[in-house]
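Quick look at final08.tsv (TSV, C-alpha atoms):
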chain	number	residue	atom	x	y	z
A	12	MET	CA	-82.67	209.44	-19.96
A	13	ILE	CA	-83.05	212.82	-18.39
A	14	ALA	CA	-79.26	213.07	-18.35
A	15	ILE	CA	-78.98	212.46	-22.10
A	16	LEU	CA	-81.84	214.88	-22.73
A	17	GLY	CA	-80.09	217.43	-20.53
A	18	LEU	CA	-76.85	217.03	-22.47
A	19	LEU	CA	-78.60	217.45	-25.83
A	20	ILE	CA	-80.61	220.43	-24.64
A	21	GLY	CA	-77.43	221.96	-23.21
A	22	ILE	CA	-75.65	221.62	-26.55
A	23	ALA	CA	-78.67	223.07	-28.33
A	24	VAL	CA	-78.93	226.00	-25.94
A	25	GLY	CA	-75.21	226.60	-26.20
A	26	LEU	CA	-75.43	226.69	-29.99
A	27	PHE	CA	-78.51	228.85	-29.94
A	28	LEU	CA	-77.64	231.42	-27.29
A	29	GLN	CA	-73.87	231.43	-27.71
A	30	PRO	CA	-73.25	232.61	-24.17
A	31	ASP	CA	-70.07	234.43	-23.34
A	32	VAL	CA	-67.81	232.97	-20.71
A	33	PRO	CA	-66.19	235.45	-18.35
A	34	ALA	CA	-62.51	235.80	-19.12
A	35	VAL	CA	-61.60	234.71	-15.60
A	36	LEU	CA	-63.06	231.27	-16.20
A	37	GLN	CA	-61.61	230.85	-19.69
A	38	PRO	CA	-58.49	228.82	-18.81
A	39	TYR	CA	-60.43	226.43	-16.54
A	40	LEU	CA	-63.17	225.56	-18.97
A	41	PRO	CA	-61.40	222.87	-21.03
A	42	ILE	CA	-60.13	221.10	-17.92
A	43	ALA	CA	-63.58	221.28	-16.34
A	44	VAL	CA	-65.12	219.77	-19.46
A	45	VAL	CA	-62.66	216.88	-19.47
A	46	ALA	CA	-63.25	216.29	-15.75
A	47	ALA	CA	-67.00	216.26	-16.30
A	48	LEU	CA	-66.64	213.80	-19.16
A	49	ASP	CA	-64.59	211.58	-16.88
A	50	THR	CA	-67.31	211.70	-14.24
A	51	LEU	CA	-69.91	210.92	-16.89
A	52	ALA	CA	-67.99	207.84	-18.01
A	53	GLY	CA	-67.57	206.76	-14.41
A	54	GLY	CA	-71.28	207.19	-13.83
A	55	LEU	CA	-72.21	205.10	-16.82
A	56	ARG	CA	-69.87	202.38	-15.65
A	57	ALA	CA	-71.48	202.45	-12.21
A	58	VAL	CA	-74.90	202.14	-13.83
A	59	LEU	CA	-73.84	199.01	-15.65
A	60	ASP	CA	-72.30	197.64	-12.48
A	61	GLY	CA	-75.57	198.29	-10.74
A	62	VAL	CA	-73.94	200.46	-8.12
A	63	PHE	CA	-75.03	203.83	-9.47
A	64	ASN	CA	-75.84	206.37	-6.82
A	65	ALA	CA	-77.08	209.78	-7.86
A	66	HIS	CA	-75.65	211.39	-4.73
A	67	VAL	CA	-72.21	210.00	-5.46
A	68	PHE	CA	-72.50	211.03	-9.07
A	69	ILE	CA	-73.51	214.60	-8.31
A	70	THR	CA	-70.84	215.16	-5.67
A	71	SER	CA	-68.11	213.52	-7.73
A	72	PHE	CA	-69.16	215.57	-10.75
A	73	LEU	CA	-68.91	218.83	-8.87
A	74	PHE	CA	-65.76	217.85	-7.01
A	75	ASN	CA	-63.93	216.62	-10.08
A	76	VAL	CA	-64.70	219.82	-11.92
A	77	LEU	CA	-63.73	221.97	-8.95
A	78	ILE	CA	-60.50	220.12	-8.22
A	79	ALA	CA	-59.48	220.16	-11.86
A	80	ALA	CA	-60.09	223.91	-12.04
A	81	LEU	CA	-58.30	224.42	-8.74
A	82	LEU	CA	-55.26	222.51	-9.94
A	83	VAL	CA	-55.05	224.61	-13.06
A	84	PHE	CA	-55.45	227.77	-11.01
A	85	LEU	CA	-52.74	226.62	-8.60
A	86	GLY	CA	-50.48	225.72	-11.52
A	87	ASP	CA	-50.97	229.17	-13.01
A	88	GLN	CA	-50.07	230.78	-9.71
A	89	LEU	CA	-46.96	228.62	-9.34
A	90	GLY	CA	-45.89	229.28	-12.92
A	91	VAL	CA	-46.34	225.66	-14.05
A	92	GLY	CA	-49.83	226.14	-15.45
A	93	ALA	CA	-49.17	224.50	-18.80
A	94	GLN	CA	-47.47	221.46	-17.31
A	95	LEU	CA	-50.05	220.96	-14.59
A	96	SER	CA	-52.87	221.32	-17.13
A	97	THR	CA	-51.18	218.63	-19.19
A	98	ALA	CA	-50.84	216.42	-16.12
A	99	VAL	CA	-54.52	216.80	-15.23
A	100	ILE	CA	-55.58	216.13	-18.80
A	101	VAL	CA	-53.39	213.03	-18.98
A	102	VAL	CA	-54.75	211.60	-15.73
A	103	LEU	CA	-58.35	212.33	-16.68
A	104	GLY	CA	-57.73	210.89	-20.14
A	105	ILE	CA	-56.41	207.66	-18.67
A	106	ARG	CA	-59.45	207.44	-16.41
A	107	ILE	CA	-61.83	208.04	-19.28
A	108	PHE	CA	-60.15	205.32	-21.26
A	109	SER	CA	-60.25	202.80	-18.43
A	110	ASN	CA	-63.90	203.61	-17.69
A	111	ALA	CA	-64.74	203.27	-21.38
A	112	ALA	CA	-62.93	199.93	-21.45
A	113	ALA	CA	-64.91	198.70	-18.44
A	114	ILE	CA	-68.19	199.81	-20.03
A	115	ARG	CA	-67.27	198.05	-23.22
A	116	ARG	CA	-66.50	194.81	-21.38
A	117	ARG	CA	-69.80	194.94	-19.54
A	118	LEU	CA	-71.81	195.55	-22.70
A	119	PHE	CA	-70.09	193.28	-25.17
A	120	ARG	CA	-68.40	190.70	-22.93
A	121	SER	CA	-65.20	191.14	-24.83
B	4	MET	CA	-57.95	202.51	-11.41
B	5	SER	CA	-59.54	199.71	-13.37
B	6	ASP	CA	-60.54	197.83	-10.23
B	7	GLY	CA	-63.73	196.45	-11.66
B	8	SER	CA	-62.60	194.95	-14.95
B	9	ARG	CA	-65.21	192.37	-14.20
B	10	ILE	CA	-66.45	190.67	-17.33
B	11	PRO	CA	-69.98	189.26	-17.19
B	12	GLU	CA	-69.53	185.51	-16.89
B	13	SER	CA	-72.78	184.18	-18.21
B	14	ARG	CA	-75.47	185.07	-20.64
B	15	GLN	CA	-77.77	185.73	-17.75
B	16	GLU	CA	-75.38	188.23	-16.24
B	17	GLN	CA	-75.10	189.94	-19.62
B	18	ARG	CA	-78.85	190.31	-19.74
B	19	GLU	CA	-78.76	191.76	-16.27
B	20	VAL	CA	-76.32	194.45	-17.43
B	21	LEU	CA	-78.46	195.35	-20.41
B	22	ARG	CA	-81.52	195.46	-18.20
B	23	ARG	CA	-79.78	197.95	-15.92
B	24	LEU	CA	-78.91	200.08	-18.96
B	25	ARG	CA	-82.54	200.11	-20.11
B	26	GLU	CA	-83.67	200.83	-16.57
B	27	THR	CA	-81.39	203.84	-16.43
B	28	LEU	CA	-82.46	205.13	-19.81
B	29	ARG	CA	-86.09	205.13	-18.76
B	30	PRO	CA	-87.00	208.58	-17.45
B	31	HIS	CA	-87.52	208.83	-13.71
B	32	ALA	CA	-88.85	212.09	-12.42
B	33	SER	CA	-86.85	211.96	-9.24
B	34	ALA	CA	-84.99	214.97	-7.91
B	35	GLN	CA	-81.67	213.20	-8.26
B	36	GLN	CA	-82.31	212.44	-11.91
B	37	VAL	CA	-83.25	216.05	-12.50
B	38	ILE	CA	-80.06	217.26	-10.86
B	39	VAL	CA	-78.00	214.88	-12.99
B	40	GLY	CA	-79.86	216.18	-16.02
B	41	VAL	CA	-79.08	219.76	-15.05
B	42	LEU	CA	-75.41	218.93	-14.62
B	43	CYS	CA	-75.35	217.31	-18.04
B	44	PHE	CA	-77.14	220.36	-19.42
B	45	LEU	CA	-74.42	222.59	-18.01
B	46	LEU	CA	-71.79	220.25	-19.43
B	47	GLY	CA	-73.41	220.49	-22.86
B	48	ILE	CA	-73.37	224.29	-22.76
B	49	THR	CA	-69.78	224.33	-21.59
B	50	ILE	CA	-68.61	222.00	-24.33
B	51	VAL	CA	-70.27	224.11	-27.00
B	52	VAL	CA	-68.92	227.33	-25.54
B	53	GLN	CA	-65.43	225.94	-25.31
B	54	VAL	CA	-65.47	224.56	-28.85
B	55	ARG	CA	-66.74	227.88	-30.13
B	56	ALA	CA	-64.13	229.85	-28.22
B	57	GLN	CA	-61.48	227.57	-29.64
B	58	ASP	CA	-62.81	228.13	-33.14
B	59	GLU	CA	-63.06	231.87	-32.76
B	60	ASP	CA	-59.77	232.62	-31.19
B	61	ALA	CA	-57.26	230.08	-30.03
B	62	LEU	CA	-55.57	232.75	-27.94
B	63	GLN	CA	-58.61	233.39	-25.79
B	64	GLY	CA	-58.13	230.25	-23.75
B	65	ALA	CA	-54.36	230.48	-23.63
B	66	THR	CA	-52.56	231.08	-20.36
B	67	GLN	CA	-50.43	234.12	-19.74
B	68	GLU	CA	-47.32	231.99	-20.12
B	69	ASP	CA	-48.43	230.72	-23.51
B	70	LEU	CA	-49.24	234.24	-24.62
B	71	VAL	CA	-45.83	235.53	-23.60
B	72	ARG	CA	-44.19	232.65	-25.42
B	73	LEU	CA	-46.28	233.29	-28.54
B	74	LEU	CA	-45.43	236.97	-28.38
B	75	ASP	CA	-41.73	236.16	-28.07
B	76	GLU	CA	-41.92	233.79	-30.97
B	77	SER	CA	-43.69	236.25	-33.22
B	78	ASP	CA	-41.24	238.98	-32.20
B	79	ARG	CA	-38.37	236.73	-33.13
B	80	HIS	CA	-40.08	235.80	-36.35
B	81	VAL	CA	-40.61	239.47	-37.19
B	82	SER	CA	-36.97	240.33	-36.54
B	83	ASP	CA	-35.89	237.36	-38.65
B	84	LEU	CA	-38.07	238.56	-41.47
B	85	GLU	CA	-36.78	242.10	-41.14
B	86	GLN	CA	-33.25	240.80	-41.31
B	87	GLU	CA	-34.09	238.80	-44.40
B	88	ASN	CA	-35.77	241.82	-45.91
B	89	GLU	CA	-32.63	243.89	-45.37
B	90	ASP	CA	-30.48	241.18	-46.92
B	91	LEU	CA	-32.71	240.98	-49.93
B	92	ASP	CA	-32.77	244.77	-50.28
B	93	GLY	CA	-28.97	244.69	-50.24
B	94	SER	CA	-28.86	242.01	-52.93
B	95	LEU	CA	-31.36	243.94	-55.00
B	96	ALA	CA	-29.30	247.13	-54.77
B	97	THR	CA	-26.14	245.22	-55.67
B	98	LEU	CA	-27.79	243.58	-58.65
B	99	GLN	CA	-29.25	246.86	-59.84
B	100	ALA	CA	-25.88	248.58	-59.56
B	101	GLY	CA	-24.28	245.68	-61.43
B	102	HIS	CA	-26.96	245.94	-64.09
B	103	GLU	CA	-26.37	249.67	-64.50
B	104	ASP	CA	-22.64	249.05	-64.81
B	105	ASP	CA	-23.29	246.41	-67.41
B	106	VAL	CA	-25.53	248.72	-69.40
B	107	ALA	CA	-22.98	251.54	-69.23
B	108	ALA	CA	-20.20	249.18	-70.29
B	109	GLN	CA	-22.31	247.90	-73.15
B	110	ASN	CA	-23.15	251.43	-74.30
B	111	ALA	CA	-19.48	252.40	-74.14
B	112	ALA	CA	-18.50	249.29	-76.08
B	113	GLN	CA	-21.18	249.97	-78.69
B	114	GLN	CA	-20.00	253.58	-79.04
B	115	ARG	CA	-16.41	252.43	-79.36
B	116	LEU	CA	-17.40	249.84	-81.94
B	117	GLU	CA	-19.13	252.50	-84.04
B	118	ASP	CA	-16.11	254.82	-83.79
B	119	LEU	CA	-13.76	252.05	-84.83
B	120	GLU	CA	-16.03	250.98	-87.68
B	121	ILE	CA	-15.96	254.52	-89.04
B	122	VAL	CA	-12.20	254.75	-88.67
B	123	ALA	CA	-11.65	251.34	-90.26
B	124	GLY	CA	-14.10	252.11	-93.02
B	125	THR	CA	-16.32	249.08	-92.46
B	126	ALA	CA	-19.50	251.09	-91.82
B	127	PRO	CA	-21.24	253.68	-93.98
B	128	ALA	CA	-21.18	257.20	-92.54
B	129	TYR	CA	-22.98	260.45	-93.12
B	130	GLY	CA	-22.71	264.00	-91.88
B	131	ARG	CA	-21.68	267.52	-92.78
B	132	GLY	CA	-18.77	267.76	-95.14
B	133	ILE	CA	-17.60	268.71	-98.61
B	134	SER	CA	-17.81	267.30	-102.07
B	135	ALA	CA	-14.97	268.01	-104.49
B	136	ARG	CA	-15.15	267.14	-108.15
B	137	VAL	CA	-11.92	266.42	-109.97
B	138	THR	CA	-12.01	266.81	-113.73
B	139	GLU	CA	-9.20	266.63	-116.28
B	140	SER	CA	-9.10	269.11	-119.12
B	141	THR	CA	-5.58	269.35	-120.50
B	142	GLY	CA	-3.48	266.85	-118.58
B	143	THR	CA	-3.64	263.91	-116.21
B	144	VAL	CA	-4.08	264.39	-112.52
B	145	ARG	CA	-1.27	262.42	-110.90
B	146	ALA	CA	-1.68	260.01	-108.05
B	147	ARG	CA	0.51	262.06	-105.72
B	148	THR	CA	-1.68	265.09	-106.44
B	149	VAL	CA	-4.78	263.19	-105.37
B	150	LEU	CA	-2.84	261.97	-102.35
B	151	GLY	CA	-2.02	265.61	-101.63
B	152	VAL	CA	-5.72	266.45	-101.77
B	153	VAL	CA	-6.44	263.65	-99.31
B	154	GLN	CA	-3.65	264.82	-97.02
B	155	GLU	CA	-5.00	268.35	-97.07
B	156	LEU	CA	-8.44	267.03	-96.15
B	157	ARG	CA	-6.98	264.99	-93.31
B	158	ASN	CA	-5.05	268.01	-92.07
B	159	ALA	CA	-8.30	269.95	-92.11
B	160	GLY	CA	-9.91	267.37	-89.87
B	161	ALA	CA	-11.78	265.14	-92.33
B	162	GLU	CA	-13.07	262.10	-90.55
B	163	VAL	CA	-14.23	259.96	-93.45
B	164	ILE	CA	-12.98	260.28	-97.02
B	165	GLN	CA	-14.06	258.61	-100.22
B	166	VAL	CA	-12.28	258.95	-103.57
B	167	GLY	CA	-14.37	257.85	-106.50
B	168	ASP	CA	-16.02	254.67	-105.26
B	169	VAL	CA	-13.24	253.74	-102.85
B	170	ARG	CA	-13.25	254.40	-99.14
B	171	VAL	CA	-9.99	255.95	-98.00
B	172	VAL	CA	-8.61	254.39	-94.85
B	173	ALA	CA	-5.17	254.26	-93.21
B	174	SER	CA	-3.84	251.60	-95.57
B	175	THR	CA	-5.24	253.06	-98.77
B	176	SER	CA	-2.69	253.43	-101.55
B	177	PHE	CA	-2.69	255.89	-104.46
B	178	THR	CA	-0.84	254.60	-107.49
B	179	THR	CA	-0.88	255.06	-111.21
B	180	ALA	CA	-1.81	252.38	-113.71
B	181	GLU	CA	0.30	251.73	-116.83
B	182	ASP	CA	-2.02	253.81	-118.98
B	183	GLY	CA	-1.85	256.67	-116.49
B	184	THR	CA	-5.24	256.08	-114.80
B	185	LEU	CA	-5.42	256.67	-111.07
B	186	LEU	CA	-5.51	253.49	-109.00
B	187	VAL	CA	-6.91	253.78	-105.46
B	188	ASP	CA	-6.28	250.59	-103.55
B	189	GLY	CA	-5.85	248.86	-106.88
B	190	THR	CA	-9.23	250.06	-108.17
B	191	ARG	CA	-9.29	252.15	-111.28
B	192	VAL	CA	-10.70	255.61	-110.70
B	193	PRO	CA	-10.87	257.42	-114.05
B	194	ALA	CA	-11.49	261.15	-114.11
B	195	PRO	CA	-13.79	262.87	-113.56
B	196	PHE	CA	-14.40	261.61	-110.03
B	197	ASP	CA	-15.70	262.95	-106.76
B	198	VAL	CA	-13.81	263.27	-103.51
B	199	LEU	CA	-16.21	263.19	-100.57
B	200	ALA	CA	-15.16	264.06	-97.03
B	201	ILE	CA	-17.07	264.31	-93.78
B	202	GLY	CA	-15.79	266.96	-91.41
B	203	ASP	CA	-16.12	270.65	-90.75
B	204	PRO	CA	-16.76	272.23	-94.19
B	205	THR	CA	-15.82	275.68	-92.97
B	206	VAL	CA	-12.32	274.37	-92.27
B	207	MET	CA	-11.88	271.93	-95.15
B	208	GLU	CA	-13.11	274.15	-97.95
B	209	PRO	CA	-10.60	276.98	-97.31
B	210	ALA	CA	-7.87	274.40	-96.63
B	211	LEU	CA	-8.19	273.05	-100.17
B	212	SER	CA	-8.35	276.51	-101.68
B	213	ILE	CA	-5.32	278.13	-100.06
B	214	PRO	CA	-2.73	279.36	-102.58
B	215	GLY	CA	-0.29	276.61	-103.46
B	216	GLY	CA	-2.70	274.07	-101.96
B	217	ALA	CA	-4.75	271.24	-103.39
B	218	VAL	CA	-6.74	273.24	-105.91
B	219	ASP	CA	-3.62	274.83	-107.26
B	220	SER	CA	-1.75	271.55	-107.61
B	221	VAL	CA	-4.66	269.92	-109.43
B	222	THR	CA	-4.78	272.90	-111.74
B	223	ALA	CA	-1.03	272.58	-112.27
B	224	ASP	CA	-1.61	268.98	-113.37
B	225	GLY	CA	-3.99	270.24	-116.00
B	226	GLY	CA	-7.21	269.50	-114.21
B	227	SER	CA	-9.65	271.33	-112.03
B	228	LEU	CA	-11.03	270.85	-108.51
B	229	GLU	CA	-14.43	272.24	-107.66
B	230	VAL	CA	-15.12	272.23	-103.95
B	231	SER	CA	-18.60	272.66	-102.50
B	232	ALA	CA	-19.73	272.46	-98.90
B	233	GLU	CA	-22.61	270.03	-98.23
B	234	GLU	CA	-24.98	269.79	-95.29
B	235	GLN	CA	-25.35	266.06	-95.81
B	236	VAL	CA	-22.61	263.91	-97.26
B	237	ALA	CA	-23.28	260.18	-97.41
B	238	ILE	CA	-20.25	257.95	-97.72
B	239	GLU	CA	-21.33	254.44	-98.50
B	240	ALA	CA	-18.20	252.86	-99.95
B	241	LEU	CA	-16.71	250.29	-97.56
B	242	ALA	CA	-13.17	249.12	-97.05
B	243	THR	CA	-12.39	245.50	-96.30
B	244	VAL	CA	-10.33	244.84	-93.23
B	245	ARG	CA	-7.53	242.36	-93.76
B	246	GLU	CA	-6.49	240.01	-91.04
B	247	PRO	CA	-3.10	241.24	-89.84
B	248	GLU	CA	-0.58	238.64	-90.92
B	249	TYR	CA	2.56	239.84	-89.13
B	250	SER	CA	1.34	242.26	-86.50
B	251	ARG	CA	0.39	241.08	-83.03
B	252	VAL	CA	-1.09	243.12	-80.21
B	253	VAL	CA	1.39	243.87	-77.43
B	254	LYS	CA	-0.01	242.59	-74.18
Could you write out this file's structure as structure tokens?
Amino acid sequence: MIAILGLLIGIAVGLFLQPDVPAVLQPYLPIAVVAALDTLAGGLRAVLDGVFNAHVFITSFLFNVLIAALLVFLGDQLGVGAQLSTAVIVVLGIRIFSNAAAIRRRLFRS
Amino acid sequence: MSDGSRIPESRQEQREVLRRLRETLRPHASAQQVIVGVLCFLLGITIVVQVRAQDEDALQGATQEDLVRLLDESDRHVSDLEQENEDLDGSLATLQAGHEDDVAAQNAAQQRLEDLEIVAGTAPAYGRGISARVTESTGTVRARTVLGVVQELRNAGAEVIQVGDVRVVASTSFTTAEDGTLLVDGTRVPAPFDVLAIGDPTVMEPALSIPGGAVDSVTADGGSLEVSAEEQVAIEALATVREPEYSRVVK
């Protein structure tokens, strides 16, 4: 509940304040968002499985975001930034889909 | 990845899942929940910021590589467009030149047509010239005398000549009818009649009056020729052009 509230408040604050992101972080933001969404889906699935652990969620959230950003940074340095970004997005997308599928099965039994 | 594609087997298990969902949705004021909330809050901000940045300027989030590629592409596009612009400018210049040529050719053709119409006698003409009145007092003015008058006028540079109501052109004939009346191109021209000519009056008038010239020969025929220079002579008689029956243009 607090999580959903936090998300809504975050969106509201973002709309209201329109904060500026430092240019250094600009390329990593989309990847970080996708990684966070993946963690969110994984967390919801864990909740439905009854194995949710806030510690695990928090660390995996931060780690996913950090690793995703790191991969993009590394890709940029190696000159394969675009391809590596695509790879990360694809992997995270697949995970989001499989998590969503698991959640759906739990909730609707089909 | 999908290790736990475990589908709830029974209705009871389904209820258990839904219970867990409700349980989670109920607010707990634990530190962990708060941290999760804060993370979600940050995620919300980030999403909004990212979406906005994307809306504002798609280039802001682009990598250096992408930017270089975009720059290359737009450079290439610009040079393509410049090339096309040059081509089109060239075509435009060509077409304009062609148009000017066409206009010049048309003007020349129009001018030539007017010249030929005047020479052939198919168009009315006006200009400076002379008017000469032929009257008969004691005798009949002969056809060859009138022809002499016309020849004198031509010598003096007359461009358009009209005798009576007949336009004089290259094929015009001067003959005499059985009763002695002058026939110009088969048309009766009884005296007195006017001879109109367009040309330089200062040349034509003296040319007719020289001793032994046109005036004298008309007088010798028993008539008189009164020549007067005119600022504006209008020659409106037209000659008909016959289709050449035997002549062909040499090509």
Determine, for each residue of chain A having at least one atom at most 6 Å from an atom of chain B, the closest pair of atoms and their separation in Å to one decimal, counting all atoms listed in the file; order by chain and ascending number, as JSON lines.
{"residue": "A:Met12", "atom": "CA", "partner": "B:Leu28", "partner_atom": "CA", "distance": 4.3}
{"residue": "A:Ile13", "atom": "CA", "partner": "B:Gly40", "partner_atom": "CA", "distance": 5.2}
{"residue": "A:Ala14", "atom": "CA", "partner": "B:Gly40", "partner_atom": "CA", "distance": 3.9}
{"residue": "A:Gly17", "atom": "CA", "partner": "B:Phe44", "partner_atom": "CA", "distance": 4.3}
{"residue": "A:Leu18", "atom": "CA", "partner": "B:Phe44", "partner_atom": "CA", "distance": 4.5}
{"residue": "A:Gly21", "atom": "CA", "partner": "B:Phe44", "partner_atom": "CA", "distance": 4.1}
{"residue": "A:Ile22", "atom": "CA", "partner": "B:Gly47", "partner_atom": "CA", "distance": 4.5}
{"residue": "A:Gly25", "atom": "CA", "partner": "B:Ile48", "partner_atom": "CA", "distance": 4.5}
{"residue": "A:Gln37", "atom": "CA", "partner": "B:Gly64", "partner_atom": "CA", "distance": 5.4}
{"residue": "A:Pro38", "atom": "CA", "partner": "B:Gly64", "partner_atom": "CA", "distance": 5.2}
{"residue": "A:Leu59", "atom": "CA", "partner": "B:Val20", "partner_atom": "CA", "distance": 5.5}
{"residue": "A:Ala65", "atom": "CA", "partner": "B:Gln35", "partner_atom": "CA", "distance": 5.7}
{"residue": "A:Ser109", "atom": "CA", "partner": "B:Ser5", "partner_atom": "CA", "distance": 6.0}
{"residue": "A:Ala113", "atom": "CA", "partner": "B:Ser8", "partner_atom": "CA", "distance": 5.6}
{"residue": "A:Arg116", "atom": "CA", "partner": "B:Ile10", "partner_atom": "CA", "distance": 5.8}
{"residue": "A:Arg117", "atom": "CA", "partner": "B:Ile10", "partner_atom": "CA", "distance": 5.9}
{"residue": "A:Arg120", "atom": "CA", "partner": "B:Ile10", "partner_atom": "CA", "distance": 5.9}
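The spacing separating CA of Ala161 (chain B) from CA of Glu233 (chain B) amounts to 13.3 Å.
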Quote the spacing between CA of Gly90 (chain A) and CA of Leu40 (chain A) in Å to one decimal place. 18.7 Å
Work out how far CA of Ala34 (chain A) is from CA of Asp58 (chain B), in Å to one decimal. 16.0 Å
As a PyMOL selection string, please: the residues near Gly53 (chain A) (cut-off 9 Å, only C-alpha atoms, same-chain neighbours under 4 positions excluded). chain A and resi 48-49+57-58+68+106-107+110-111+114
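Near Thr178 (chain B), within a cut-off of 12 Å and counting only C-alpha atoms, sit the residues B:Val144, B:Arg145, B:Ala146, B:Arg147, B:Thr148, B:Val149, B:Leu150, B:Thr175, B:Ser176, B:Ala180, B:Glu181, B:Asp182, B:Gly183, B:Thr184, B:Leu185, B:Leu186, B:Val187, B:Asp188, B:Gly189, B:Thr190, B:Arg191, B:Val192, with same-chain residues fewer than 2 positions away left out.
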Kindly indicate which residue among B:Val137, B:Val236, B:Ala126, B:Leu211 lies nearest to Val198 (chain B), using all atoms listed in the file for the distances. B:Val137
Need to verify the contact set: Val169 (chain B), 7 Å, all atoms listed in the file, exclusion of same-chain residues closer than 2 positions in sequence. Can you return it as an mmCIF file with C-alpha atoms, keeping the file's coordinate frame?
data_model
loop_
_atom_site.group_PDB
_atom_site.id
_atom_site.type_symbol
_atom_site.label_atom_id
_atom_site.label_comp_id
_atom_site.auth_asym_id
_atom_site.auth_seq_id
_atom_site.Cartn_x
_atom_site.Cartn_y
_atom_site.Cartn_z
ATOM 1 C CA GLN B 165 -14.060 258.610 -100.220
ATOM 2 C CA VAL B 166 -12.280 258.950 -103.570
ATOM 3 C CA GLY B 167 -14.370 257.850 -106.500
ATOM 4 C CA VAL B 171 -9.990 255.950 -98.000
ATOM 5 C CA VAL B 187 -6.910 253.780 -105.460
ATOM 6 C CA ALA B 240 -18.200 252.860 -99.950
#
Contacts of Ala79 (chain A) within 9 Å, all atoms listed in the file, excl. fewer than 6 positions in-chain, as an MDAnalysis selection string: chainID A and resid 39 42:43 45:46 96 99:100
With all atoms listed in the file as the atoms that count, which of A:Ile69, A:Leu36, A:Ile105, A:Val83 lies nearest to Thr50 (chain A)? A:Ile69
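For Gly124 (chain B), the residues within 9 Å (counting only C-alpha atoms, excluding itself and residues fewer than 4 positions away along the chain) are Leu119, Glu120, Ala128, Val163, Arg170, Val171, Val172, Ala240, Leu241, Ala242, Thr243 and Val244 of chain B.
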